[in-house]
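Step one of this worksheet: look at the structure below.
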Amino acid sequence: MSRAAVGLALLFASPAAPAQRVTAIVGPQFALASYREVASGLRYQGSGFGGALSARYRRLSAEASIVRLTLDPANGSAATSGFTATDVNAWVAYDVATYASVEAGFIRRTADPEFDAQSVGAVRIGARSFYELGPGATVLFRANYLAAPKFSGGGHAGFSIDLGLGLDVRLAGRLHGTAGYTFQRINRKTNPGGTGEIDAPMQATVARVGLAVGF
Amino acid sequence: MTRQLHVLALLAGLAAPAAGGAQTVQNATLRRAQQAYDNLEYRQVVSLAQAALRERLTGPERARAYELLGFTYGAMDSILKAVDAFKQVVLIDPERQLDPNRVSPKAYSAFDVALRQVLLVRQLRVDSTSFVGGRGAVPIRFTVTQPARVVTRAIGGGGGGGGGGGGSYLIDSGAWNGQVNLSWPARLANGDPVPAGNYTVVVEARLGQNTASASQPVRVSHGSVDTLQSLTSLPGYQYLPETEVPPQSWRPLGLAFLYTGGALVGTLGLESSSLGSSSKRELAVVGGAALVTGFVMTLRKPAPRPAAANILYNRLLRDQIARRNQDIAKENVARRQQVQLTLVPLPKASGAGPR
């Protein structure tokens, strides 16, 4: 028996690829968020609702989430009014090892009113590691580079990264509990009026907790 | 000295004639000859036995009379006459055998010389046997007392009971002397087994004008060959459980710490200095949930997980059994087309002798 054959057998026997059919979970989520932009004085906090969907077929998996956040100026913030943000994320991943995948996707966050905060869109490229803590409980950690970001107020970002922590626990039968944490750092730079580049970084953290039904 | 040896030889020679006398002897003269022999009255034995031979005797009685003469001449040192008498014995009863432990050496050597001077086929034996047609043979043994051309045949329809197809099948033809061992595959020229039925194995020996033969009836029956059972397991090999329960450990909690810690370290490390420290509320919620889940999973009995090595082993075992069963199926197809030949010797209807 070759090492390759044993490796393949282990891979297919692993929790990462137990099923030959498509499995999916979908459900609503409650979200908490904080957002900072440009300077430490411009910070927001809020919450919102959304939903998440994830699916797996053999070594391929996909995730998508949408959450609508109402962000208000935090205590001591220089901001005078809040805004509503709609955060859409999507990933497609391929398992390259028993506990690791490479993934790609996109992020799009829009602000309403449009000029109260930056809207951003970017391509995600990264990897994630996942592990089954126990029967029906999986934890994951992801790191994505946000490539080619676009901002509603213009500018560019040479360094943008997104970290994530996820949890999926089968509570009973088809009912799952889901949780996700996202930390986002975007080193945006702008050149307003051609007077020279200035830093206008953005930083956001989002926690999503919800229930989901498995199919 | 010569006299003493003579007496010893006589005493030793008594046993065989006495044993032979156990057979029913109807002829009165022959009975008197036997009594005279028992009383060591050899001259009277000779005259009485010769007188009996001039009377009407059955075959066994005639053989008995010559045998008495043979032993008596042997005891009287008339070896040539003893040999002649024993020649008559074996011509009448070719299967006659003397026990060297019970007869005198003189009588035995005279009998042995007599055997060598007469062409006989003796001690024809066909053993009971059973074999798959084409994969065995019937052992046939006999003794030829002189170098001769010997032809052995199986003749169908002999011995009553019919069958055998009435054919004659040559088993062997060759020059033989002494003990002969032959094997008869009981097959036709085209490879098929000989038809079921009764046969007579006939051995004919020819030396110049002299011929001798012996025969043995046998019954050949056909049966179906036993087929093999399919295997459900291999002896000494058992299926192994394809899942195993890992030992309980702190690994789930440790991993939850690791993943949560990774997120925390990443968050702290990547925070922008110009934006200040971000809120940790979100990480606390999700990280706390992960840690609680890890702790609960640590306390729970671990779920059975696939045992890769056992799965591979079982797969190999199943493949091996499937291959064996395929071979068995092929073998059974062949066996269903085969014939189990059973050959049993039958009692002889009548003795055969030299012609």
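Each chain of the structure tokens is named A, B, ... in the order shown, its residues numbered from 1; ligands are numbered from 1 in display order.
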Neighbour list for Ala62 in chain A as number ranges by chain, cut-off 9 Å, only C-alpha atoms, skip fewer than 5 positions in-chain: A: 53-57, 90-94, 103
Exercise: Tyr131 in chain A partners within 10 Å, only C-alpha atoms, chain neighbours under 4 positions left out, as a ChimeraX atom specification: /A:15-16,98-100,137-141,167 /B:252,255-256,259
Between chain B and chain A, at 6 Å or less, what are the per-residue closest atom pairs and their distances in Å? Count only C-alpha atoms, order by chain and rising residue number, and return it as CSV.
```
residue,atom,partner,partner_atom,distance
B:Pro252,CA,A:Leu133,CA,4.7
B:Leu275,CA,A:Ser40,CA,3.9
B:Gly276,CA,A:Ser40,CA,5.4
B:Glu282,CA,A:Ala207,CA,4.7
B:Val286,CA,A:Ala179,CA,5.9
B:Met297,CA,A:Gly134,CA,5.4
B:Ala303,CA,A:Pro135,CA,5.6
B:Ala308,CA,A:Leu10,CA,5.9
```
Those in range 60-302 of chain B with helix (DSSP H, G or I) from DSSP, as an NGL selection string: :B and (60-75 or 79-92 or 105-117 or 164-166 or 251-270 or 281-299)
DSSP-assigned strand (DSSP E) members of range 41-154 of chain A, reported as a PyMOL selection string: chain A and resi 41-57+60-73+83-97+100-112+120-134+137-151
Please save C-alpha atoms of the selected residues as a JSON list (two decimals), in the first residue's frame.
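The file below, again-v3.json, is the result:
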```
[["chain", "number", "residue", "atom", "x", "y", "z"],
["A", 41, "GLY", "CA", -12.10, 59.60, 16.87],
["A", 42, "LEU", "CA", -14.35, 58.39, 14.14],
["A", 43, "ARG", "CA", -15.79, 55.22, 15.52],
["A", 44, "TYR", "CA", -19.13, 53.51, 15.40],
["A", 45, "GLN", "CA", -20.80, 50.62, 17.11],
["A", 46, "GLY", "CA", -24.00, 48.85, 16.34],
["A", 47, "SER", "CA", -25.85, 45.69, 15.62],
["A", 48, "GLY", "CA", -27.98, 44.16, 12.97],
["A", 49, "PHE", "CA", -29.48, 41.12, 11.43],
["A", 50, "GLY", "CA", -28.61, 39.00, 8.50],
["A", 51, "GLY", "CA", -28.31, 35.48, 7.25],
["A", 52, "ALA", "CA", -25.70, 32.97, 6.28],
["A", 53, "LEU", "CA", -25.53, 30.00, 3.96],
["A", 54, "SER", "CA", -22.85, 27.39, 3.63],
["A", 55, "ALA", "CA", -22.68, 24.29, 1.48],
["A", 56, "ARG", "CA", -20.25, 21.46, 0.87],
["A", 57, "TYR", "CA", -19.79, 18.90, -1.87],
["A", 60, "LEU", "CA", -15.59, 21.91, -2.45],
["A", 61, "SER", "CA", -17.36, 24.27, -0.10],
["A", 62, "ALA", "CA", -18.99, 27.64, -0.38],
["A", 63, "GLU", "CA", -20.17, 30.26, 2.11],
["A", 64, "ALA", "CA", -22.13, 33.43, 1.81],
["A", 65, "SER", "CA", -23.42, 35.87, 4.36],
["A", 66, "ILE", "CA", -25.28, 39.10, 4.33],
["A", 67, "VAL", "CA", -25.82, 41.33, 7.30],
["A", 68, "ARG", "CA", -27.39, 44.74, 7.63],
["A", 69, "LEU", "CA", -25.88, 46.77, 10.41],
["A", 70, "THR", "CA", -27.07, 49.89, 12.04],
["A", 71, "LEU", "CA", -23.97, 51.71, 13.25],
["A", 72, "ASP", "CA", -24.15, 54.65, 15.59],
["A", 73, "PRO", "CA", -21.38, 56.86, 16.86],
["A", 83, "PHE", "CA", -25.34, 55.07, 9.13],
["A", 84, "THR", "CA", -26.52, 51.73, 7.93],
["A", 85, "ALA", "CA", -24.09, 49.31, 6.39],
["A", 86, "THR", "CA", -24.89, 46.26, 4.30],
["A", 87, "ASP", "CA", -22.11, 43.72, 4.43],
["A", 88, "VAL", "CA", -22.05, 40.97, 1.83],
["A", 89, "ASN", "CA", -19.38, 38.26, 1.85],
["A", 90, "ALA", "CA", -18.93, 35.17, -0.25],
["A", 91, "TRP", "CA", -16.30, 32.46, -0.42],
["A", 92, "VAL", "CA", -15.60, 29.36, -2.45],
["A", 93, "ALA", "CA", -13.09, 26.98, -0.93],
["A", 94, "TYR", "CA", -11.31, 23.81, -1.93],
["A", 95, "ASP", "CA", -9.83, 21.43, 0.61],
["A", 96, "VAL", "CA", -6.17, 20.93, -0.06],
["A", 97, "ALA", "CA", -5.50, 18.93, 3.07],
["A", 100, "ALA", "CA", -7.02, 23.21, 5.38],
["A", 101, "SER", "CA", -8.59, 24.88, 2.38],
["A", 102, "VAL", "CA", -7.70, 27.57, -0.02],
["A", 103, "GLU", "CA", -10.48, 30.01, -0.72],
["A", 104, "ALA", "CA", -11.44, 32.95, -2.83],
["A", 105, "GLY", "CA", -14.39, 35.28, -2.80],
["A", 106, "PHE", "CA", -15.39, 38.85, -2.46],
["A", 107, "ILE", "CA", -16.55, 41.40, 0.05],
["A", 108, "ARG", "CA", -18.86, 44.30, -0.52],
["A", 109, "ARG", "CA", -19.89, 46.73, 2.16],
["A", 110, "THR", "CA", -22.11, 49.64, 1.28],
["A", 111, "ALA", "CA", -23.03, 52.57, 3.50],
["A", 112, "ASP", "CA", -26.28, 54.39, 3.63],
["A", 120, "VAL", "CA", -15.81, 49.12, -0.18],
["A", 121, "GLY", "CA", -15.55, 46.15, -2.47],
["A", 122, "ALA", "CA", -12.65, 43.75, -2.82],
["A", 123, "VAL", "CA", -11.64, 40.31, -3.90],
["A", 124, "ARG", "CA", -10.77, 37.84, -1.16],
["A", 125, "ILE", "CA", -7.90, 35.41, -1.57],
["A", 126, "GLY", "CA", -6.73, 33.32, 1.32],
["A", 127, "ALA", "CA", -6.82, 30.13, 3.28],
["A", 128, "ARG", "CA", -8.55, 28.67, 6.24],
["A", 129, "SER", "CA", -7.96, 25.94, 8.73],
["A", 130, "PHE", "CA", -10.78, 23.98, 10.27],
["A", 131, "TYR", "CA", -11.03, 21.28, 12.84],
["A", 132, "GLU", "CA", -13.79, 19.17, 14.28],
["A", 133, "LEU", "CA", -13.79, 19.77, 18.01],
["A", 134, "GLY", "CA", -16.25, 16.97, 18.52],
["A", 137, "ALA", "CA", -18.78, 20.93, 16.16],
["A", 138, "THR", "CA", -16.33, 22.58, 13.82],
["A", 139, "VAL", "CA", -14.13, 25.58, 14.43],
["A", 140, "LEU", "CA", -12.34, 27.47, 11.70],
["A", 141, "PHE", "CA", -9.81, 30.23, 11.36],
["A", 142, "ARG", "CA", -9.32, 32.14, 8.15],
["A", 143, "ALA", "CA", -6.99, 34.75, 6.81],
["A", 144, "ASN", "CA", -7.82, 36.54, 3.60],
["A", 145, "TYR", "CA", -5.96, 39.15, 1.65],
["A", 146, "LEU", "CA", -8.35, 41.73, 0.22],
["A", 147, "ALA", "CA", -7.09, 42.34, -3.25],
["A", 148, "ALA", "CA", -7.95, 45.20, -5.56],
["A", 149, "PRO", "CA", -10.17, 47.10, -3.15],
["A", 150, "LYS", "CA", -12.45, 49.81, -4.50],
["A", 151, "PHE", "CA", -13.77, 52.61, -2.37]]
```
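Atom pair CA of Leu253 in chain B / CA of Ser277 in chain B: separated by 27.5 Å.
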From B:Leu258, B:Leu115, B:Ala154, B:Val90, residue lying nearest Ala290 in chain B [only C-alpha atoms]: B:Leu258
Distance in Å - CA of Thr342 in chain B versus CA of Val201 in chain B: 15.1 Å
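Atom to atom, CA of Phe30 in chain A and CA of Gly177 in chain A stand 11.7 Å apart.
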Residue nearest Arg324 in chain B among B:Pro246, B:Pro193, B:Lys87, B:Thr232 (counting only C-alpha atoms):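 Of B:Pro246, B:Pro193, B:Lys87, B:Thr232, the one nearest Arg324 in chain B is B:Thr232, counting only C-alpha atoms.
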Test item: residues at most 9 Å from Lys189 in chain A, only C-alpha atoms, excluding those fewer than 6 positions along its chain, as a ChimeraX atom specification: /A:154-158,197-201
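Non-sequential neighbours of range 117-122 of chain B (distance at most 7 Å, separation of 4 or more positions within a chain, only C-alpha atoms) are Lys87, Pro94, Glu95, Val113, Phe142, Thr143, Val144, Thr145, Gln146, Ala205, Asn210, Thr211, Ala212, Ser213, Ala214 and Pro354 of chain B.
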Would you save the residues of that selection, restricted to N, CA and C atoms, as a compact mmCIF listing (two decimals), in the first residue's frame?
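The resulting file, part_37.txt, is shown below:
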```
# COMPACT_ATOMS: atom_id res chain seq x y z
N LYS B 87 2.71 -78.21 -9.11
CA LYS B 87 2.33 -77.62 -10.38
C LYS B 87 0.86 -77.91 -10.68
N PRO B 94 -4.87 -71.38 -9.11
CA PRO B 94 -3.73 -70.46 -9.27
C PRO B 94 -3.52 -69.55 -8.07
N GLU B 95 -4.56 -69.29 -7.31
CA GLU B 95 -4.43 -68.39 -6.17
C GLU B 95 -3.85 -69.07 -4.94
N VAL B 113 9.25 -73.41 -6.83
CA VAL B 113 9.78 -73.89 -8.11
C VAL B 113 8.62 -74.24 -9.04
N PHE B 142 -1.29 -57.46 -10.13
CA PHE B 142 -1.33 -58.91 -10.32
C PHE B 142 0.10 -59.42 -10.41
N THR B 143 0.22 -60.74 -10.41
CA THR B 143 1.54 -61.36 -10.51
C THR B 143 1.57 -62.32 -11.69
N VAL B 144 2.60 -62.20 -12.49
CA VAL B 144 2.81 -63.13 -13.59
C VAL B 144 4.01 -63.99 -13.20
N THR B 145 3.84 -65.29 -13.26
CA THR B 145 4.88 -66.17 -12.72
C THR B 145 6.03 -66.41 -13.69
N GLN B 146 5.83 -66.07 -14.95
CA GLN B 146 6.92 -66.21 -15.92
C GLN B 146 6.92 -64.99 -16.83
N ALA B 205 -2.04 -63.56 -20.15
CA ALA B 205 -0.59 -63.68 -20.33
C ALA B 205 -0.33 -64.76 -21.38
N ASN B 210 1.79 -71.20 -24.41
CA ASN B 210 1.12 -71.19 -23.11
C ASN B 210 0.41 -69.86 -22.88
N THR B 211 -0.76 -69.97 -22.34
CA THR B 211 -1.50 -68.77 -21.97
C THR B 211 -2.07 -68.96 -20.58
N ALA B 212 -2.28 -67.86 -19.93
CA ALA B 212 -2.93 -67.86 -18.62
C ALA B 212 -3.71 -66.58 -18.48
N SER B 213 -4.71 -66.61 -17.69
CA SER B 213 -5.50 -65.40 -17.51
C SER B 213 -6.10 -65.38 -16.11
N ALA B 214 -6.48 -64.18 -15.75
CA ALA B 214 -7.22 -63.99 -14.49
C ALA B 214 -8.18 -62.85 -14.72
N PRO B 354 -5.60 -71.28 -15.93
CA PRO B 354 -4.84 -71.38 -17.17
C PRO B 354 -5.58 -72.20 -18.19
```
Neighbour list for Tyr237 in chain B as an MDAnalysis selection string, cut-off 8 Å, only C-alpha atoms, skip fewer than 3 positions in-chain: chainID B and resid 233:234 317
All residues 9 Å or closer to range 167-169 of chain B, only C-alpha atoms, same chain fewer than 5 positions away omitted, as a PyMOL selection string: chain B and resi 152-157+186-188+194+199
Written file, previous selection with N, CA and C atoms, as a PDB file, in the first residue's frame:
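result28.pdb was written with the following content:
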```pdb
ATOM      1  N   THR B 152      -4.013 -56.512 -20.642  1.00  0.00           N
ATOM      2  CA  THR B 152      -5.031 -56.280 -19.615  1.00  0.00           C
ATOM      3  C   THR B 152      -6.165 -55.485 -20.247  1.00  0.00           C
ATOM      4  N   ARG B 153      -7.351 -55.960 -20.077  1.00  0.00           N
ATOM      5  CA  ARG B 153      -8.526 -55.309 -20.671  1.00  0.00           C
ATOM      6  C   ARG B 153      -9.616 -55.168 -19.618  1.00  0.00           C
ATOM      7  N   ALA B 154     -10.491 -54.194 -19.890  1.00  0.00           N
ATOM      8  CA  ALA B 154     -11.751 -54.102 -19.142  1.00  0.00           C
ATOM      9  C   ALA B 154     -12.857 -54.378 -20.140  1.00  0.00           C
ATOM     10  N   ILE B 155     -13.611 -55.411 -19.869  1.00  0.00           N
ATOM     11  CA  ILE B 155     -14.650 -55.833 -20.814  1.00  0.00           C
ATOM     12  C   ILE B 155     -15.994 -55.496 -20.204  1.00  0.00           C
ATOM     13  N   GLY B 156     -16.752 -54.682 -20.919  1.00  0.00           N
ATOM     14  CA  GLY B 156     -18.042 -54.237 -20.406  1.00  0.00           C
ATOM     15  C   GLY B 156     -19.073 -55.326 -20.475  1.00  0.00           C
ATOM     16  N   GLY B 157     -20.085 -55.194 -19.609  1.00  0.00           N
ATOM     17  CA  GLY B 157     -21.217 -56.117 -19.615  1.00  0.00           C
ATOM     18  C   GLY B 157     -20.942 -57.406 -18.899  1.00  0.00           C
ATOM     19  N   ALA B 186      -9.652 -45.183 -16.602  1.00  0.00           N
ATOM     20  CA  ALA B 186     -11.086 -45.405 -16.852  1.00  0.00           C
ATOM     21  C   ALA B 186     -11.660 -44.327 -17.756  1.00  0.00           C
ATOM     22  N   ARG B 187     -10.912 -43.994 -18.797  1.00  0.00           N
ATOM     23  CA  ARG B 187     -11.373 -42.988 -19.753  1.00  0.00           C
ATOM     24  C   ARG B 187     -11.397 -43.582 -21.147  1.00  0.00           C
ATOM     25  N   LEU B 188     -12.295 -43.020 -21.953  1.00  0.00           N
ATOM     26  CA  LEU B 188     -12.339 -43.413 -23.352  1.00  0.00           C
ATOM     27  C   LEU B 188     -11.275 -42.635 -24.116  1.00  0.00           C
ATOM     28  N   VAL B 194     -15.411 -43.885 -18.833  1.00  0.00           N
ATOM     29  CA  VAL B 194     -16.090 -45.077 -19.356  1.00  0.00           C
ATOM     30  C   VAL B 194     -17.520 -45.094 -18.815  1.00  0.00           C
ATOM     31  N   TYR B 199     -18.028 -54.294 -15.305  1.00  0.00           N
ATOM     32  CA  TYR B 199     -16.921 -54.643 -16.199  1.00  0.00           C
ATOM     33  C   TYR B 199     -16.188 -55.838 -15.608  1.00  0.00           C
TER      34      TYR B 199
END
```
Nearest to Pro306 in chain B, chosen from B:Ser130, B:Gln50, B:Thr243, B:Gln44, with only C-alpha atoms counted in the distances: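 Among B:Ser130, B:Gln50, B:Thr243, B:Gln44, it is B:Thr243 that comes nearest to Pro306 in chain B.
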